[in-house]
Number of protein chains: 2
Amino acid sequence: MPRLKVNIDRVFHALGDPTRRAIVERLSEGAMSASRLAVPLDITVAAVVQHLQILEKSGLVRTTKVGRVRTCRIEPAGLSVAERWIGERRSMWERRFDRLGDLLEEPDEG
Amino acid sequence: MPRLKVNIDRVFHALGDPTRRAIVERLSEGAMSASRLAVPLDITVAAVVQHLQILEKSGLVRTTKVGRVRTCRIEPAGLSVAERWIGERRSMWERRFDRLGDLLEEPDEG
DNA sequence: ATAATAGTTAAGCATTTACTTGACTATTAT
DNA sequence: ATAATAGTCAAGTAAATGCTTAACTATTAT
């Protein structure tokens with residue numbers, strides 16, 4: 001597996017699916033095999049593997065296969081990229097809000 | 001428009017599309033009309049309106065119509081929801097990483 | 001009043017998505 | 001050796017997605 005560069009488009013696309021977010025949630029509590037991930041998800045292992053491929057290509061998850069079991073873990077750099085993007089938008093928005101003094105651009109906020 | 005509750009599924013789904021993220025990026029620099037948003041996007045205004053509907057339902061964007069122009073602005077609560085979700089996963093992951101002492105779970109990190 | 005501007009809505013369309021099934025390989029257990 | 005386990009791969013499919021065009025309404029400008 002050739003250590004994929006984290007790509008913001010892929011990251012947000014990956015997080016856009018609720019099943020993949022559920023996988024990320026599980027993995028953030030600890031590494032886990034693919035089949036164990038599948039248990040509470042109510043989809044086939046094949047489907048889970050497909051999600052894992054997307055998560056891995058996005059850089060959110062890293063997997064390693066030992067024997068016949070593929071162990072999946074969070075790759076925190078992926079989440080950081082998303083968090084940073086959001087943070088940048090927020091700070092843009094806040095900076096702008098400072099420039100004009102609270103008034104003119106917020107008419108009927110009630 | 002009945003002041004929609006911010007929903008995490010809708011927020012991440014909305015951010016999953018690159019065009020919608022581009023819209024959020026623009027709006028984080030300041031409020032703007034729908035047709036002005038459309039200019040650099042290389043899609044029709046109709047398509048922009050469709051994206052705006054999704055963004056608005058997700059709680060990421062708020063719009064108000066005055067006369068014939070609909071002004072769009074960031075609703076920072078939406079971004080906060082996404083940021084918080086990511087932050088929670090990160091802190092889960094970090095906490096776990098503290099519990100086991102740096103070693104056992106990181107074999108050949110080169 | 002006419003025309004131009006700004007946006008809305010519905011229908012249709014090509015592509016992508018998230019899944020399934022079924023056949024397959026590789027590893028571990030008996 | 002046989003069976004069970006863990007995962008992989010390829011087709012196929014129904015539904016969702018992102019877009020377009022075209023017809024429409026409402027507001028503003030001439």
# chains A, B, ... in the order shown; residues from 1 in each chain; ligands from 1

call {"tool": "select_by_dssp", "arguments": {"residues": "chain A", "states": "helix (DSSP H, G or I)", "output": "number ranges by chain"}}
result
A: 8-15, 18-28, 34-41, 45-58, 76-99

call {"tool": "interface_residues", "arguments": {"of": "chain B", "to": "chain D", "cutoff": "7 Å", "atoms": "only C-alpha atoms (C1' of nucleotides)", "output": "PyMOL selection string"}}
result
chain B and resi 47+67-68

call {"tool": "interface_residues", "arguments": {"of": "chain B", "to": "chain A", "cutoff": "9 Å", "atoms": "only C-alpha atoms", "output": "MDAnalysis selection string"}}
result
chainID B and resid 9:18 24:25 27:31 74 76 79:80 82:84 86:87 89:97 105

call {"tool": "write_last_selection", "arguments": {"atoms": "C-alpha atoms", "output": "PDB file, in the first residue's frame"}}
result
ATOM      1  CA  ASP B   9     -25.828  13.618   8.514  1.00  0.00           C
ATOM      2  CA  ARG B  10     -26.972  16.470   6.317  1.00  0.00           C
ATOM      3  CA  VAL B  11     -23.944  18.585   7.196  1.00  0.00           C
ATOM      4  CA  PHE B  12     -21.407  15.958   6.187  1.00  0.00           C
ATOM      5  CA  HIS B  13     -23.416  14.996   3.150  1.00  0.00           C
ATOM      6  CA  ALA B  14     -23.492  18.642   2.087  1.00  0.00           C
ATOM      7  CA  LEU B  15     -19.748  19.056   2.604  1.00  0.00           C
ATOM      8  CA  GLY B  16     -19.116  15.899   0.595  1.00  0.00           C
ATOM      9  CA  ASP B  17     -19.640  17.737  -2.682  1.00  0.00           C
ATOM     10  CA  PRO B  18     -16.756  19.920  -3.926  1.00  0.00           C
ATOM     11  CA  VAL B  24     -19.057  27.581   1.638  1.00  0.00           C
ATOM     12  CA  GLU B  25     -15.539  28.868   0.996  1.00  0.00           C
ATOM     13  CA  LEU B  27     -19.477  32.645   1.694  1.00  0.00           C
ATOM     14  CA  SER B  28     -17.012  32.425   4.539  1.00  0.00           C
ATOM     15  CA  GLU B  29     -15.431  35.518   3.001  1.00  0.00           C
ATOM     16  CA  GLY B  30     -18.724  37.351   2.966  1.00  0.00           C
ATOM     17  CA  ALA B  31     -22.417  37.200   2.090  1.00  0.00           C
ATOM     18  CA  ILE B  74     -22.660  31.187   6.359  1.00  0.00           C
ATOM     19  CA  PRO B  76     -21.464  29.061  11.624  1.00  0.00           C
ATOM     20  CA  LEU B  79     -19.582  24.130  10.568  1.00  0.00           C
ATOM     21  CA  SER B  80     -19.286  23.849  14.336  1.00  0.00           C
ATOM     22  CA  ALA B  82     -18.852  19.067  11.833  1.00  0.00           C
ATOM     23  CA  GLU B  83     -15.810  20.404  13.636  1.00  0.00           C
ATOM     24  CA  ARG B  84     -17.042  19.030  16.939  1.00  0.00           C
ATOM     25  CA  ILE B  86     -14.126  15.444  14.150  1.00  0.00           C
ATOM     26  CA  GLY B  87     -12.705  16.775  17.384  1.00  0.00           C
ATOM     27  CA  ARG B  89     -13.036  11.315  17.181  1.00  0.00           C
ATOM     28  CA  ARG B  90      -9.590  12.826  17.494  1.00  0.00           C
ATOM     29  CA  SER B  91      -9.778  13.043  21.265  1.00  0.00           C
ATOM     30  CA  MET B  92     -11.077   9.466  21.474  1.00  0.00           C
ATOM     31  CA  TRP B  93      -8.157   8.351  19.418  1.00  0.00           C
ATOM     32  CA  GLU B  94      -5.677  10.378  21.466  1.00  0.00           C
ATOM     33  CA  ARG B  95      -7.036   9.173  24.789  1.00  0.00           C
ATOM     34  CA  ARG B  96      -6.675   5.603  23.649  1.00  0.00           C
ATOM     35  CA  PHE B  97      -3.183   6.296  22.487  1.00  0.00           C
ATOM     36  CA  GLU B 105       0.339  -0.720  18.433  1.00  0.00           C
TER      37      GLU B 105
END

call {"tool": "select_by_dssp", "arguments": {"residues": "region 45-108 of chain A", "states": "strand (DSSP E)", "output": "MDAnalysis selection string"}}
result
chainID A and resid 61:66 69:74

call {"tool": "write_last_selection", "arguments": {"atoms": "N, CA and C atoms", "output": "PDB file, in the first residue's frame"}}
result
ATOM      1  N   VAL A  61      -8.060   6.205   7.015  1.00  0.00           N
ATOM      2  CA  VAL A  61      -7.872   4.904   7.666  1.00  0.00           C
ATOM      3  C   VAL A  61      -6.661   4.224   7.044  1.00  0.00           C
ATOM      4  N   ARG A  62      -5.958   3.480   7.866  1.00  0.00           N
ATOM      5  CA  ARG A  62      -4.866   2.675   7.354  1.00  0.00           C
ATOM      6  C   ARG A  62      -5.146   1.235   7.740  1.00  0.00           C
ATOM      7  N   THR A  63      -4.831   0.303   6.861  1.00  0.00           N
ATOM      8  CA  THR A  63      -5.070  -1.099   7.177  1.00  0.00           C
ATOM      9  C   THR A  63      -3.808  -1.896   6.898  1.00  0.00           C
ATOM     10  N   THR A  64      -3.658  -2.984   7.680  1.00  0.00           N
ATOM     11  CA  THR A  64      -2.528  -3.884   7.467  1.00  0.00           C
ATOM     12  C   THR A  64      -3.045  -5.296   7.595  1.00  0.00           C
ATOM     13  N   LYS A  65      -2.575  -6.166   6.725  1.00  0.00           N
ATOM     14  CA  LYS A  65      -3.050  -7.536   6.745  1.00  0.00           C
ATOM     15  C   LYS A  65      -1.988  -8.439   7.339  1.00  0.00           C
ATOM     16  N   VAL A  66      -2.384  -9.192   8.335  1.00  0.00           N
ATOM     17  CA  VAL A  66      -1.485 -10.154   8.966  1.00  0.00           C
ATOM     18  C   VAL A  66      -2.204 -11.492   8.949  1.00  0.00           C
ATOM     19  N   VAL A  69      -6.240 -11.873   8.544  1.00  0.00           N
ATOM     20  CA  VAL A  69      -7.057 -10.785   9.069  1.00  0.00           C
ATOM     21  C   VAL A  69      -6.461  -9.408   8.746  1.00  0.00           C
ATOM     22  N   ARG A  70      -7.324  -8.550   8.256  1.00  0.00           N
ATOM     23  CA  ARG A  70      -6.940  -7.179   7.946  1.00  0.00           C
ATOM     24  C   ARG A  70      -7.346  -6.276   9.098  1.00  0.00           C
ATOM     25  N   THR A  71      -6.354  -5.691   9.716  1.00  0.00           N
ATOM     26  CA  THR A  71      -6.625  -4.817  10.858  1.00  0.00           C
ATOM     27  C   THR A  71      -6.692  -3.364  10.385  1.00  0.00           C
ATOM     28  N   CYS A  72      -7.725  -2.660  10.837  1.00  0.00           N
ATOM     29  CA  CYS A  72      -7.986  -1.293  10.395  1.00  0.00           C
ATOM     30  C   CYS A  72      -7.781  -0.342  11.549  1.00  0.00           C
ATOM     31  N   ARG A  73      -7.158   0.784  11.269  1.00  0.00           N
ATOM     32  CA  ARG A  73      -6.948   1.798  12.303  1.00  0.00           C
ATOM     33  C   ARG A  73      -7.125   3.184  11.718  1.00  0.00           C
ATOM     34  N   ILE A  74      -7.452   4.112  12.588  1.00  0.00           N
ATOM     35  CA  ILE A  74      -7.545   5.517  12.197  1.00  0.00           C
ATOM     36  C   ILE A  74      -6.185   6.064  11.788  1.00  0.00           C
TER      37      ILE A  74
END

call {"tool": "interface_residues", "arguments": {"of": "chain C", "to": "chain B", "cutoff": "9 Å", "atoms": "only C-alpha atoms (C1' of nucleotides)", "output": "number ranges by chain"}}
result
C: 5-8

call {"tool": "write_last_selection", "arguments": {"atoms": "C-alpha atoms (C1' of nucleotides)", "output": "mmCIF file, in the first residue's frame"}}
result
data_model
loop_
_atom_site.group_PDB
_atom_site.id
_atom_site.type_symbol
_atom_site.label_atom_id
_atom_site.label_comp_id
_atom_site.auth_asym_id
_atom_site.auth_seq_id
_atom_site.Cartn_x
_atom_site.Cartn_y
_atom_site.Cartn_z
ATOM 1 C "C1'" DT C 5 -32.622 40.959 -14.146
ATOM 2 C "C1'" DA C 6 -32.851 37.435 -10.338
ATOM 3 C "C1'" DG C 7 -34.515 33.527 -9.038
ATOM 4 C "C1'" DT C 8 -37.694 29.279 -8.987
#

call {"tool": "calpha_fit_and_write", "arguments": {"fixed": "chain A", "moving": "chain B", "output": "PDB file with C-alpha atoms, in the first residue's frame"}}
result
ATOM      1  CA  MET B   1      -0.128  -0.075  -0.117  1.00  0.00           C
ATOM      2  CA  PRO B   2       1.819   2.991  -1.204  1.00  0.00           C
ATOM      3  CA  ARG B   3       1.231   5.414   1.675  1.00  0.00           C
ATOM      4  CA  LEU B   4      -1.404   7.653   0.042  1.00  0.00           C
ATOM      5  CA  LYS B   5      -1.217  11.435   0.267  1.00  0.00           C
ATOM      6  CA  VAL B   6      -4.198  12.843   2.129  1.00  0.00           C
ATOM      7  CA  ASN B   7      -6.528  14.520  -0.323  1.00  0.00           C
ATOM      8  CA  ILE B   8      -9.187  16.940   0.860  1.00  0.00           C
ATOM      9  CA  ASP B   9     -11.674  16.008  -1.849  1.00  0.00           C
ATOM     10  CA  ARG B  10     -11.423  12.335  -1.008  1.00  0.00           C
ATOM     11  CA  VAL B  11     -11.579  13.006   2.725  1.00  0.00           C
ATOM     12  CA  PHE B  12     -14.812  14.975   2.569  1.00  0.00           C
ATOM     13  CA  HIS B  13     -16.288  12.602   0.045  1.00  0.00           C
ATOM     14  CA  ALA B  14     -15.481   9.697   2.354  1.00  0.00           C
ATOM     15  CA  LEU B  15     -17.007  11.437   5.370  1.00  0.00           C
ATOM     16  CA  GLY B  16     -20.127  12.208   3.352  1.00  0.00           C
ATOM     17  CA  ASP B  17     -21.422   8.669   3.779  1.00  0.00           C
ATOM     18  CA  PRO B  18     -22.998   7.794   7.154  1.00  0.00           C
ATOM     19  CA  THR B  19     -21.767   4.193   7.105  1.00  0.00           C
ATOM     20  CA  ARG B  20     -18.199   5.346   6.593  1.00  0.00           C
ATOM     21  CA  ARG B  21     -18.573   7.860   9.402  1.00  0.00           C
ATOM     22  CA  ALA B  22     -19.823   5.023  11.603  1.00  0.00           C
ATOM     23  CA  ILE B  23     -16.679   3.079  10.707  1.00  0.00           C
ATOM     24  CA  VAL B  24     -14.506   6.055  11.604  1.00  0.00           C
ATOM     25  CA  GLU B  25     -16.374   6.394  14.896  1.00  0.00           C
ATOM     26  CA  ARG B  26     -15.752   2.762  15.772  1.00  0.00           C
ATOM     27  CA  LEU B  27     -12.107   2.924  14.808  1.00  0.00           C
ATOM     28  CA  SER B  28     -11.517   6.064  16.813  1.00  0.00           C
ATOM     29  CA  GLU B  29     -12.201   3.883  19.848  1.00  0.00           C
ATOM     30  CA  GLY B  30      -9.633   1.342  18.772  1.00  0.00           C
ATOM     31  CA  ALA B  31      -8.282  -0.775  15.922  1.00  0.00           C
ATOM     32  CA  MET B  32     -10.453  -3.581  14.632  1.00  0.00           C
ATOM     33  CA  SER B  33     -10.711  -6.268  11.943  1.00  0.00           C
ATOM     34  CA  ALA B  34     -12.915  -5.836   8.879  1.00  0.00           C
ATOM     35  CA  SER B  35     -15.325  -8.604   9.819  1.00  0.00           C
ATOM     36  CA  ARG B  36     -15.727  -7.259  13.326  1.00  0.00           C
ATOM     37  CA  LEU B  37     -16.449  -3.831  11.885  1.00  0.00           C
ATOM     38  CA  ALA B  38     -19.189  -5.401   9.787  1.00  0.00           C
ATOM     39  CA  VAL B  39     -21.142  -6.930  12.675  1.00  0.00           C
ATOM     40  CA  PRO B  40     -23.268  -3.990  13.797  1.00  0.00           C
ATOM     41  CA  LEU B  41     -23.470  -2.422  10.353  1.00  0.00           C
ATOM     42  CA  ASP B  42     -26.147  -4.636   8.824  1.00  0.00           C
ATOM     43  CA  ILE B  43     -24.371  -4.871   5.497  1.00  0.00           C
ATOM     44  CA  THR B  44     -22.203  -7.630   4.049  1.00  0.00           C
ATOM     45  CA  VAL B  45     -18.473  -7.857   4.660  1.00  0.00           C
ATOM     46  CA  ALA B  46     -17.969  -7.220   0.953  1.00  0.00           C
ATOM     47  CA  ALA B  47     -19.671  -3.842   1.319  1.00  0.00           C
ATOM     48  CA  VAL B  48     -17.522  -3.039   4.349  1.00  0.00           C
ATOM     49  CA  VAL B  49     -14.403  -3.845   2.364  1.00  0.00           C
ATOM     50  CA  GLN B  50     -15.541  -1.438  -0.340  1.00  0.00           C
ATOM     51  CA  HIS B  51     -16.003   1.304   2.234  1.00  0.00           C
ATOM     52  CA  LEU B  52     -12.606   0.514   3.700  1.00  0.00           C
ATOM     53  CA  GLN B  53     -11.002   0.948   0.290  1.00  0.00           C
ATOM     54  CA  ILE B  54     -12.517   4.409  -0.021  1.00  0.00           C
ATOM     55  CA  LEU B  55     -11.503   5.316   3.523  1.00  0.00           C
ATOM     56  CA  GLU B  56      -7.994   4.098   2.910  1.00  0.00           C
ATOM     57  CA  LYS B  57      -7.604   5.985  -0.364  1.00  0.00           C
ATOM     58  CA  SER B  58      -8.809   9.134   1.372  1.00  0.00           C
ATOM     59  CA  GLY B  59      -6.142   8.766   4.038  1.00  0.00           C
ATOM     60  CA  LEU B  60      -8.620   8.552   6.917  1.00  0.00           C
ATOM     61  CA  VAL B  61      -7.890   4.922   7.685  1.00  0.00           C
ATOM     62  CA  ARG B  62      -4.876   2.702   7.445  1.00  0.00           C
ATOM     63  CA  THR B  63      -5.068  -1.082   7.298  1.00  0.00           C
ATOM     64  CA  THR B  64      -2.534  -3.864   7.626  1.00  0.00           C
ATOM     65  CA  LYS B  65      -3.046  -7.505   6.904  1.00  0.00           C
ATOM     66  CA  VAL B  66      -1.510 -10.123   9.166  1.00  0.00           C
ATOM     67  CA  GLY B  67      -2.310 -13.706   8.340  1.00  0.00           C
ATOM     68  CA  ARG B  68      -5.885 -13.699   7.124  1.00  0.00           C
ATOM     69  CA  VAL B  69      -7.069 -10.749   9.192  1.00  0.00           C
ATOM     70  CA  ARG B  70      -6.942  -7.137   8.060  1.00  0.00           C
ATOM     71  CA  THR B  71      -6.685  -4.753  10.958  1.00  0.00           C
ATOM     72  CA  CYS B  72      -8.043  -1.254  10.465  1.00  0.00           C
ATOM     73  CA  ARG B  73      -7.019   1.840  12.357  1.00  0.00           C
ATOM     74  CA  ILE B  74      -7.602   5.566  12.212  1.00  0.00           C
ATOM     75  CA  GLU B  75      -5.012   7.678  10.425  1.00  0.00           C
ATOM     76  CA  PRO B  76      -5.369  10.920  12.348  1.00  0.00           C
ATOM     77  CA  ALA B  77      -3.790  13.022   9.595  1.00  0.00           C
ATOM     78  CA  GLY B  78      -6.922  12.495   7.520  1.00  0.00           C
ATOM     79  CA  LEU B  79      -9.240  13.932  10.130  1.00  0.00           C
ATOM     80  CA  SER B  80      -6.811  16.787  10.686  1.00  0.00           C
ATOM     81  CA  VAL B  81      -7.093  17.834   7.058  1.00  0.00           C
ATOM     82  CA  ALA B  82     -10.860  18.095   7.335  1.00  0.00           C
ATOM     83  CA  GLU B  83     -10.685  19.859  10.674  1.00  0.00           C
ATOM     84  CA  ARG B  84      -8.204  22.377   9.325  1.00  0.00           C
ATOM     85  CA  TRP B  85     -10.361  23.159   6.297  1.00  0.00           C
ATOM     86  CA  ILE B  86     -13.330  23.868   8.520  1.00  0.00           C
ATOM     87  CA  GLY B  87     -11.231  25.901  10.910  1.00  0.00           C
ATOM     88  CA  GLU B  88      -9.950  28.031   8.069  1.00  0.00           C
ATOM     89  CA  ARG B  89     -13.486  28.838   6.879  1.00  0.00           C
ATOM     90  CA  ARG B  90     -14.534  29.663  10.411  1.00  0.00           C
ATOM     91  CA  SER B  91     -11.626  32.017  10.968  1.00  0.00           C
ATOM     92  CA  MET B  92     -12.258  33.701   7.608  1.00  0.00           C
ATOM     93  CA  TRP B  93     -15.821  34.234   8.616  1.00  0.00           C
ATOM     94  CA  GLU B  94     -14.870  35.513  12.067  1.00  0.00           C
ATOM     95  CA  ARG B  95     -12.234  37.890  10.748  1.00  0.00           C
ATOM     96  CA  ARG B  96     -14.751  39.377   8.377  1.00  0.00           C
ATOM     97  CA  PHE B  97     -17.229  39.701  11.166  1.00  0.00           C
ATOM     98  CA  ASP B  98     -14.703  41.773  13.097  1.00  0.00           C
ATOM     99  CA  ARG B  99     -14.111  44.155  10.196  1.00  0.00           C
ATOM    100  CA  LEU B 100     -17.694  45.332  10.023  1.00  0.00           C
ATOM    101  CA  GLY B 101     -18.878  46.137  13.484  1.00  0.00           C
ATOM    102  CA  ASP B 102     -21.535  43.558  14.468  1.00  0.00           C
ATOM    103  CA  LEU B 103     -24.327  45.715  13.103  1.00  0.00           C
ATOM    104  CA  LEU B 104     -24.966  46.234   9.429  1.00  0.00           C
ATOM    105  CA  GLU B 105     -25.040  42.620   8.244  1.00  0.00           C
ATOM    106  CA  GLU B 106     -27.301  41.077  10.893  1.00  0.00           C
ATOM    107  CA  PRO B 107     -30.777  42.574  10.516  1.00  0.00           C
ATOM    108  CA  ASP B 108     -33.573  40.510  12.134  1.00  0.00           C
ATOM    109  CA  GLU B 109     -31.748  37.813  14.070  1.00  0.00           C
ATOM    110  CA  GLY B 110     -34.464  36.752  16.447  1.00  0.00           C
TER     111      GLY B 110
END
